[in-house]
Every structure is written in structure tokens, then in C-alpha cells.
Amino acid sequence: MKANGRVRNKEAIHYHFMLFPSIVILAIFSIYPTLGSIMAFKYFDPIAGIWGSPWAGLDHFKMLFQIPEFKQITINTITISVVKIILNVSCALAFALLLHEIKKKWFKKTVQTIVYLPFFLSWVIMAGIFKDFFSIDGMINGIVHKLNGSEPTMFFSSNTWFMIIIYLTDVWKGFGFNAIVFLAALTSINPNLYEAADVDGASRWAKLVNITLPSIKGTVVLILILSLQGILSGGFDQIFNLYNPLVYQVADIYDTYIYRMGFQSNQYEFATAVGLFRSAVAFIFILVSQWLAEKYGEYKVF
């Protein structure tokens, strides 16, 4: 048995060499930079460097739990992420169900391609478009003024309007991706089930409730569970390119706060402590989501 094992290892050695460049890149760009997390436990001195700076212990983490902004950014991050997950999954599922009912394949493929295109656009480009759209002299205010003559609305200065814009634009940009996943699950349903339902005289609603939804329940549950991994993200690219100091109270999340503390306030060690705390909690969410996916979604990564 040992001899056979050595033979198999020798035959597969070229596969290991093919993995070597990827391992080197991973080590350089992903593993080595994590050593800088030690800055969270030091009083950073630019002259002495990270390793030569004096130790701070847990002082930065104690300050993190004492500042009033910490509670607010935690609430903002979780709220924004949860609402985005619910809206994206529900809108994508509803759209996939409607598109699945269309019989003309050319029309279905055309619509599917159109709604998927925004997924490839950068938030830098999208933010510029939406800022022009919702500005004081933009298209939306122009249409509203012509309809009822009201004064222009400052959408990006209002906490309520800004969050509505965040949720709607995120759904518009991303629901096409999940819709494709749901459409793939819908095409895998056995057509004999629908034929049997037609023989029994079942309506479209009855077929939807008793055949379609139960058949794709596992896919829906899986996407919801795996979305928990990014619950502490909130969408940095979108919010960073759209928000401003007037809406920090409702829009400031972990990633934007880390950016401002590190690159604008030069509090590198404190920003590192916030990022390390966020990563630790996110890792717990990843483990929980993988456990839930294995238990309820019949999906296993490892």
C-alpha cells in the first residue's frame, strides 16, 4: 500500500508544481499582510515602524467599546446588510418566477441579459450616474417639479431618502445575478410534475405553491444562509461612493469608518483594531453560515 501511495504521489507531483505559483501569490498578498494586524496591539510610531512601536495591549479595543460611534456603526452595518439580503433575494426570486413563466425563449434570454448587465458596472461609475440623477437640478427633481411644482429635494442630505436610494440601487444592480441562480434551479424541475398537475386541473397559483417553490426551497435557503457571511460588510463600494458627512448617522458602516479612521484621521492602530474586531466576528458568521448550509441547505464546503 505504501509503495502504491508513493507511485500515486510521484504521478501527481506535476499538479503540485502547478499549484505552487498560486500558493506563493496567496502567501504574499493574503497571508503576509495579516501580520500587520499586530498594529492593533501597539502605539504606532512611524519612525520605529510596526515592530519597533511600543505595546498598547488591549487599549485600542477598550476605546472601541467606549466610543459612542461604535454602537451606531454596528447597528448601521447589520441593518443595511440584512435589508439588502432580504430585498435582493426576494426581488430576484420574484423576477425569476415571472420570467420562468414566459414561453418565448428569445424574449426570456434578452430580458435575462439586460437585467444582468448592471452587475458588471463599477460602483464608481454607478455613483456618478445616480448622483446626477438625484441631484438638486437632476432628472428626478426636474420631473417632480414639472408634475406638482414642488421645491427640489436634497436626496443625499436626507437620512430617509439616502437609505431608500441605497437599497433601491443595490437591488437594481445585483438582483440579476441571483435571478440567474434561481432560473437555473427552476429549469431543473421535472416537467412531468407540471404535466400531472395540468391533468388534475391545477391552476398556475397551485402549481407555484405546490411544485415550483418546494422544488427550489433548498436553493433559496442556501443563498440566504451563505449571504450571512457578508453581513458585516454592508457594501463598502456603494456607500463610500455615495455617502457624505450629512448621512453618517445612518450610513456609516464598519468599512467606511475604518477607512476614515485610518486614511483621513491617521489613527492607524485604532483602525486596525476595528478591522480586526470586524474580521473576528465575520469569521464566526462564516462558520455559522457553513454549519447552517450543511444542516438546512444540504451544502457542504469542507
# chains A, B, ... in the order shown; residues from 1 in each chain; ligands from 1
$ select_by_dssp --residues "range 25-163 of chain A" --states "helix (DSSP H, G or I)" --output "PyMOL selection string"
chain A and resi 25-41+49-52+59-66+68-100+105-120+123-133+139-148+155-157+159-163
$ residues_around --residues "Ala40 in chain A" --least-positions-apart "5" --cutoff "10 Å" --atoms "only C-alpha atoms" --output "list in words"
Ile50, Trp55, Ala56, Gly57, Leu58, Asp59, His60, Phe61, Tyr268, Glu269, Phe270, Ala271, Thr272, Ala273, Val274, Gly275, Leu276 and Phe277 of chain A
$ write_last_selection --atoms "C-alpha atoms" --output "PDB file, in the first residue's frame"
ATOM      1  CA  ILE A  50       5.231  48.457  13.379  1.00  0.00           C
ATOM      2  CA  TRP A  55       2.948  47.743  23.063  1.00  0.00           C
ATOM      3  CA  ALA A  56      -0.538  49.036  23.864  1.00  0.00           C
ATOM      4  CA  GLY A  57      -2.130  45.779  24.900  1.00  0.00           C
ATOM      5  CA  LEU A  58      -5.915  45.924  24.606  1.00  0.00           C
ATOM      6  CA  ASP A  59      -6.167  49.698  24.988  1.00  0.00           C
ATOM      7  CA  HIS A  60      -7.435  50.267  21.454  1.00  0.00           C
ATOM      8  CA  PHE A  61     -10.120  47.599  21.862  1.00  0.00           C
ATOM      9  CA  TYR A 268      -3.786  53.541  12.042  1.00  0.00           C
ATOM     10  CA  GLU A 269      -3.640  51.408  15.165  1.00  0.00           C
ATOM     11  CA  PHE A 270      -7.238  52.169  16.126  1.00  0.00           C
ATOM     12  CA  ALA A 271      -8.457  51.494  12.581  1.00  0.00           C
ATOM     13  CA  THR A 272      -6.575  48.184  12.650  1.00  0.00           C
ATOM     14  CA  ALA A 273      -8.260  47.275  15.933  1.00  0.00           C
ATOM     15  CA  VAL A 274     -11.704  47.972  14.425  1.00  0.00           C
ATOM     16  CA  GLY A 275     -10.827  45.915  11.351  1.00  0.00           C
ATOM     17  CA  LEU A 276      -9.513  43.028  13.458  1.00  0.00           C
ATOM     18  CA  PHE A 277     -12.667  43.012  15.574  1.00  0.00           C
TER      19      PHE A 277
END
$ atom_distance --atom1 "CA of Val181 in chain A" --atom2 "CA of Thr110 in chain A"
16.4 Å
$ residues_around --residues "range 242-248 of chain A" --least-positions-apart "2" --cutoff "7 Å" --atoms "only C-alpha atoms" --output "NGL selection string"
:A and (127 or 157-159 or 238-240 or 250-252)
$ closest_atom_pairs --of "range 217-284 of chain A" --to "range 91-101 of chain A" --cutoff "12 Å" --atoms "only C-alpha atoms" --output "CSV"
residue,atom,partner,partner_atom,distance
A:Lys217,CA,A:Leu93,CA,10.7
A:Thr219,CA,A:Leu93,CA,10.4
A:Val220,CA,A:Leu93,CA,8.1
A:Val221,CA,A:Leu93,CA,11.6
A:Ile223,CA,A:Leu93,CA,10.9
A:Leu224,CA,A:Leu93,CA,11.5
$ atom_distance --atom1 "CA of Tyr194 in chain A" --atom2 "CA of Lys207 in chain A"
7.0 Å
$ closest_residue --among "A:Leu208, A:Ile31, A:Ser215, A:Lys173" --to "Asn190 in chain A" --atoms "only C-alpha atoms"
A:Ser215
$ residues_around --residues "Trp123 in chain A" --least-positions-apart "4" --cutoff "12 Å" --atoms "only C-alpha atoms" --output "list in words"
Pro118, Phe119, Ala127, Gly128, Ile129, Phe130, Lys131, Ile166, Thr169, Asp170, Lys173, Gly174, Gly235, Phe236, Asp237, Gln238, Ile239, Phe240, Asn241 and Leu242 of chain A
$ write_last_selection --atoms "N, CA, C and O atoms" --output "PDB file, in the first residue's frame"
ATOM      1  N   PRO A 118     -26.067  45.325 -15.318  1.00  0.00           N
ATOM      2  CA  PRO A 118     -25.591  46.244 -14.264  1.00  0.00           C
ATOM      3  C   PRO A 118     -24.644  45.609 -13.265  1.00  0.00           C
ATOM      4  O   PRO A 118     -23.874  46.325 -12.617  1.00  0.00           O
ATOM      5  N   PHE A 119     -24.683  44.292 -13.135  1.00  0.00           N
ATOM      6  CA  PHE A 119     -23.810  43.601 -12.190  1.00  0.00           C
ATOM      7  C   PHE A 119     -22.337  43.817 -12.528  1.00  0.00           C
ATOM      8  O   PHE A 119     -21.477  43.780 -11.637  1.00  0.00           O
ATOM      9  N   ALA A 127     -22.199  55.409  -9.075  1.00  0.00           N
ATOM     10  CA  ALA A 127     -22.386  56.522  -8.137  1.00  0.00           C
ATOM     11  C   ALA A 127     -22.464  57.843  -8.886  1.00  0.00           C
ATOM     12  O   ALA A 127     -23.286  58.711  -8.553  1.00  0.00           O
ATOM     13  N   GLY A 128     -21.617  58.023  -9.889  1.00  0.00           N
ATOM     14  CA  GLY A 128     -21.667  59.250 -10.680  1.00  0.00           C
ATOM     15  C   GLY A 128     -22.995  59.417 -11.390  1.00  0.00           C
ATOM     16  O   GLY A 128     -23.557  60.524 -11.446  1.00  0.00           O
ATOM     17  N   ILE A 129     -23.526  58.310 -11.920  1.00  0.00           N
ATOM     18  CA  ILE A 129     -24.816  58.362 -12.622  1.00  0.00           C
ATOM     19  C   ILE A 129     -25.938  58.716 -11.659  1.00  0.00           C
ATOM     20  O   ILE A 129     -26.768  59.591 -11.927  1.00  0.00           O
ATOM     21  N   PHE A 130     -25.971  58.040 -10.502  1.00  0.00           N
ATOM     22  CA  PHE A 130     -27.060  58.267  -9.543  1.00  0.00           C
ATOM     23  C   PHE A 130     -26.971  59.647  -8.896  1.00  0.00           C
ATOM     24  O   PHE A 130     -28.000  60.253  -8.580  1.00  0.00           O
ATOM     25  N   LYS A 131     -25.760  60.156  -8.694  1.00  0.00           N
ATOM     26  CA  LYS A 131     -25.623  61.499  -8.133  1.00  0.00           C
ATOM     27  C   LYS A 131     -26.179  62.546  -9.089  1.00  0.00           C
ATOM     28  O   LYS A 131     -26.820  63.518  -8.661  1.00  0.00           O
ATOM     29  N   ILE A 166     -29.988  53.881  -1.414  1.00  0.00           N
ATOM     30  CA  ILE A 166     -29.002  52.806  -1.208  1.00  0.00           C
ATOM     31  C   ILE A 166     -29.630  51.443  -1.485  1.00  0.00           C
ATOM     32  O   ILE A 166     -29.069  50.605  -2.210  1.00  0.00           O
ATOM     33  N   THR A 169     -30.881  51.093  -5.387  1.00  0.00           N
ATOM     34  CA  THR A 169     -29.780  50.958  -6.347  1.00  0.00           C
ATOM     35  C   THR A 169     -29.040  49.644  -6.172  1.00  0.00           C
ATOM     36  O   THR A 169     -28.574  49.049  -7.152  1.00  0.00           O
ATOM     37  N   ASP A 170     -28.927  49.176  -4.935  1.00  0.00           N
ATOM     38  CA  ASP A 170     -28.261  47.890  -4.699  1.00  0.00           C
ATOM     39  C   ASP A 170     -29.067  46.741  -5.303  1.00  0.00           C
ATOM     40  O   ASP A 170     -28.498  45.839  -5.928  1.00  0.00           O
ATOM     41  N   LYS A 173     -28.807  46.839  -9.141  1.00  0.00           N
ATOM     42  CA  LYS A 173     -27.512  46.412  -9.661  1.00  0.00           C
ATOM     43  C   LYS A 173     -27.264  44.920  -9.481  1.00  0.00           C
ATOM     44  O   LYS A 173     -26.638  44.284 -10.334  1.00  0.00           O
ATOM     45  N   GLY A 174     -27.747  44.337  -8.382  1.00  0.00           N
ATOM     46  CA  GLY A 174     -27.324  42.988  -8.054  1.00  0.00           C
ATOM     47  C   GLY A 174     -28.344  41.877  -8.173  1.00  0.00           C
ATOM     48  O   GLY A 174     -27.964  40.704  -8.130  1.00  0.00           O
ATOM     49  N   GLY A 235     -21.551  46.649   2.040  1.00  0.00           N
ATOM     50  CA  GLY A 235     -21.335  47.202   0.714  1.00  0.00           C
ATOM     51  C   GLY A 235     -20.500  48.472   0.734  1.00  0.00           C
ATOM     52  O   GLY A 235     -21.022  49.575   0.537  1.00  0.00           O
ATOM     53  N   PHE A 236     -19.193  48.331   0.971  1.00  0.00           N
ATOM     54  CA  PHE A 236     -18.307  49.499   1.096  1.00  0.00           C
ATOM     55  C   PHE A 236     -18.294  50.329  -0.183  1.00  0.00           C
ATOM     56  O   PHE A 236     -18.399  51.564  -0.132  1.00  0.00           O
ATOM     57  N   ASP A 237     -18.138  49.688  -1.340  1.00  0.00           N
ATOM     58  CA  ASP A 237     -18.013  50.421  -2.601  1.00  0.00           C
ATOM     59  C   ASP A 237     -19.197  51.339  -2.841  1.00  0.00           C
ATOM     60  O   ASP A 237     -19.035  52.500  -3.223  1.00  0.00           O
ATOM     61  N   GLN A 238     -20.385  50.819  -2.617  1.00  0.00           N
ATOM     62  CA  GLN A 238     -21.592  51.611  -2.866  1.00  0.00           C
ATOM     63  C   GLN A 238     -21.687  52.793  -1.904  1.00  0.00           C
ATOM     64  O   GLN A 238     -21.854  53.939  -2.326  1.00  0.00           O
ATOM     65  N   ILE A 239     -21.589  52.514  -0.618  1.00  0.00           N
ATOM     66  CA  ILE A 239     -21.790  53.562   0.386  1.00  0.00           C
ATOM     67  C   ILE A 239     -20.668  54.592   0.329  1.00  0.00           C
ATOM     68  O   ILE A 239     -20.919  55.806   0.415  1.00  0.00           O
ATOM     69  N   PHE A 240     -19.438  54.161   0.159  1.00  0.00           N
ATOM     70  CA  PHE A 240     -18.312  55.092   0.126  1.00  0.00           C
ATOM     71  C   PHE A 240     -18.434  56.084  -1.027  1.00  0.00           C
ATOM     72  O   PHE A 240     -18.059  57.258  -0.886  1.00  0.00           O
ATOM     73  N   ASN A 241     -18.928  55.626  -2.158  1.00  0.00           N
ATOM     74  CA  ASN A 241     -19.039  56.494  -3.328  1.00  0.00           C
ATOM     75  C   ASN A 241     -20.299  57.347  -3.335  1.00  0.00           C
ATOM     76  O   ASN A 241     -20.412  58.258  -4.161  1.00  0.00           O
ATOM     77  N   LEU A 242     -21.242  57.070  -2.436  1.00  0.00           N
ATOM     78  CA  LEU A 242     -22.496  57.819  -2.422  1.00  0.00           C
ATOM     79  C   LEU A 242     -22.686  58.684  -1.180  1.00  0.00           C
ATOM     80  O   LEU A 242     -23.366  59.713  -1.253  1.00  0.00           O
TER      81      LEU A 242
END
$ decode --residues "range 3-91 of chain A" --atoms "C-alpha atoms" --output "compact mmCIF listing (two decimals), in the first residue's frame"
# COMPACT_ATOMS: atom_id res chain seq x y z
CA ALA A 3 4.51 1.67 -2.49
CA ASN A 4 1.28 2.39 -4.37
CA GLY A 5 0.91 5.62 -2.41
CA ARG A 6 4.43 6.73 -3.41
CA VAL A 7 3.68 5.93 -7.07
CA ARG A 8 0.48 8.00 -6.97
CA ASN A 9 2.33 10.91 -5.32
CA LYS A 10 5.03 10.81 -8.00
CA GLU A 11 2.41 10.78 -10.75
CA ALA A 12 0.63 13.78 -9.21
CA ILE A 13 3.74 15.82 -8.45
CA HIS A 14 3.28 18.00 -11.56
CA TYR A 15 -0.13 19.05 -10.21
CA HIS A 16 1.56 20.26 -7.04
CA PHE A 17 4.01 22.28 -9.12
CA MET A 18 1.07 23.86 -10.93
CA LEU A 19 -0.36 24.95 -7.56
CA PHE A 20 2.95 26.44 -6.40
CA PRO A 21 2.58 29.88 -8.12
CA SER A 22 -0.92 30.28 -6.65
CA ILE A 23 0.36 29.39 -3.17
CA VAL A 24 3.17 31.94 -3.49
CA ILE A 25 0.74 34.68 -4.59
CA LEU A 26 -1.63 33.77 -1.74
CA ALA A 27 1.20 33.93 0.77
CA ILE A 28 2.46 37.30 -0.47
CA PHE A 29 -0.84 39.13 -0.89
CA SER A 30 -3.12 37.42 1.66
CA ILE A 31 -1.15 35.71 4.44
CA TYR A 32 1.86 38.02 4.89
CA PRO A 33 -0.23 41.26 5.17
CA THR A 34 -2.19 39.77 8.08
CA LEU A 35 0.97 40.11 10.19
CA GLY A 36 0.29 43.84 10.17
CA SER A 37 -2.72 43.18 12.42
CA ILE A 38 -0.28 43.35 15.33
CA MET A 39 -0.56 47.14 14.96
CA ALA A 40 -3.90 46.87 16.80
CA PHE A 41 -1.94 46.00 19.95
CA LYS A 42 0.67 48.78 19.66
CA TYR A 43 1.05 52.55 19.85
CA PHE A 44 2.18 53.07 16.27
CA ASP A 45 5.32 55.13 15.78
CA PRO A 46 6.06 55.80 12.07
CA ILE A 47 9.77 56.22 12.78
CA ALA A 48 10.13 52.99 14.80
CA GLY A 49 7.83 51.06 12.47
CA ILE A 50 5.23 48.46 13.38
CA TRP A 51 7.60 46.04 15.08
CA GLY A 52 9.54 48.73 16.93
CA SER A 53 6.49 50.57 18.26
CA PRO A 54 5.63 50.19 21.98
CA TRP A 55 2.95 47.74 23.06
CA ALA A 56 -0.54 49.04 23.86
CA GLY A 57 -2.13 45.78 24.90
CA LEU A 58 -5.92 45.92 24.61
CA ASP A 59 -6.17 49.70 24.99
CA HIS A 60 -7.43 50.27 21.45
CA PHE A 61 -10.12 47.60 21.86
CA LYS A 62 -11.22 49.13 25.19
CA MET A 63 -11.54 52.51 23.47
CA LEU A 64 -13.50 50.85 20.66
CA PHE A 65 -16.23 49.72 23.05
CA GLN A 66 -16.30 53.07 24.82
CA ILE A 67 -16.81 55.44 21.90
CA PRO A 68 -20.47 56.25 21.08
CA GLU A 69 -19.94 55.76 17.32
CA PHE A 70 -19.21 52.05 17.73
CA LYS A 71 -22.78 51.12 18.66
CA GLN A 72 -24.19 53.18 15.81
CA ILE A 73 -21.91 51.77 13.10
CA THR A 74 -22.67 48.24 14.33
CA ILE A 75 -26.42 48.87 14.06
CA ASN A 76 -25.97 50.52 10.65
CA THR A 77 -23.84 47.69 9.27
CA ILE A 78 -26.16 44.89 10.38
CA THR A 79 -29.33 46.76 9.38
CA ILE A 80 -28.07 47.67 5.91
CA SER A 81 -26.73 44.16 5.26
CA VAL A 82 -29.90 42.37 6.43
CA VAL A 83 -32.23 44.63 4.42
CA LYS A 84 -30.05 44.23 1.33
CA ILE A 85 -30.05 40.44 1.66
CA ILE A 86 -33.83 40.27 2.06
CA LEU A 87 -34.55 42.67 -0.82
CA ASN A 88 -32.03 41.10 -3.20
CA VAL A 89 -33.19 37.52 -2.62
CA SER A 90 -36.94 38.31 -2.65
CA CYS A 91 -36.75 40.52 -5.77
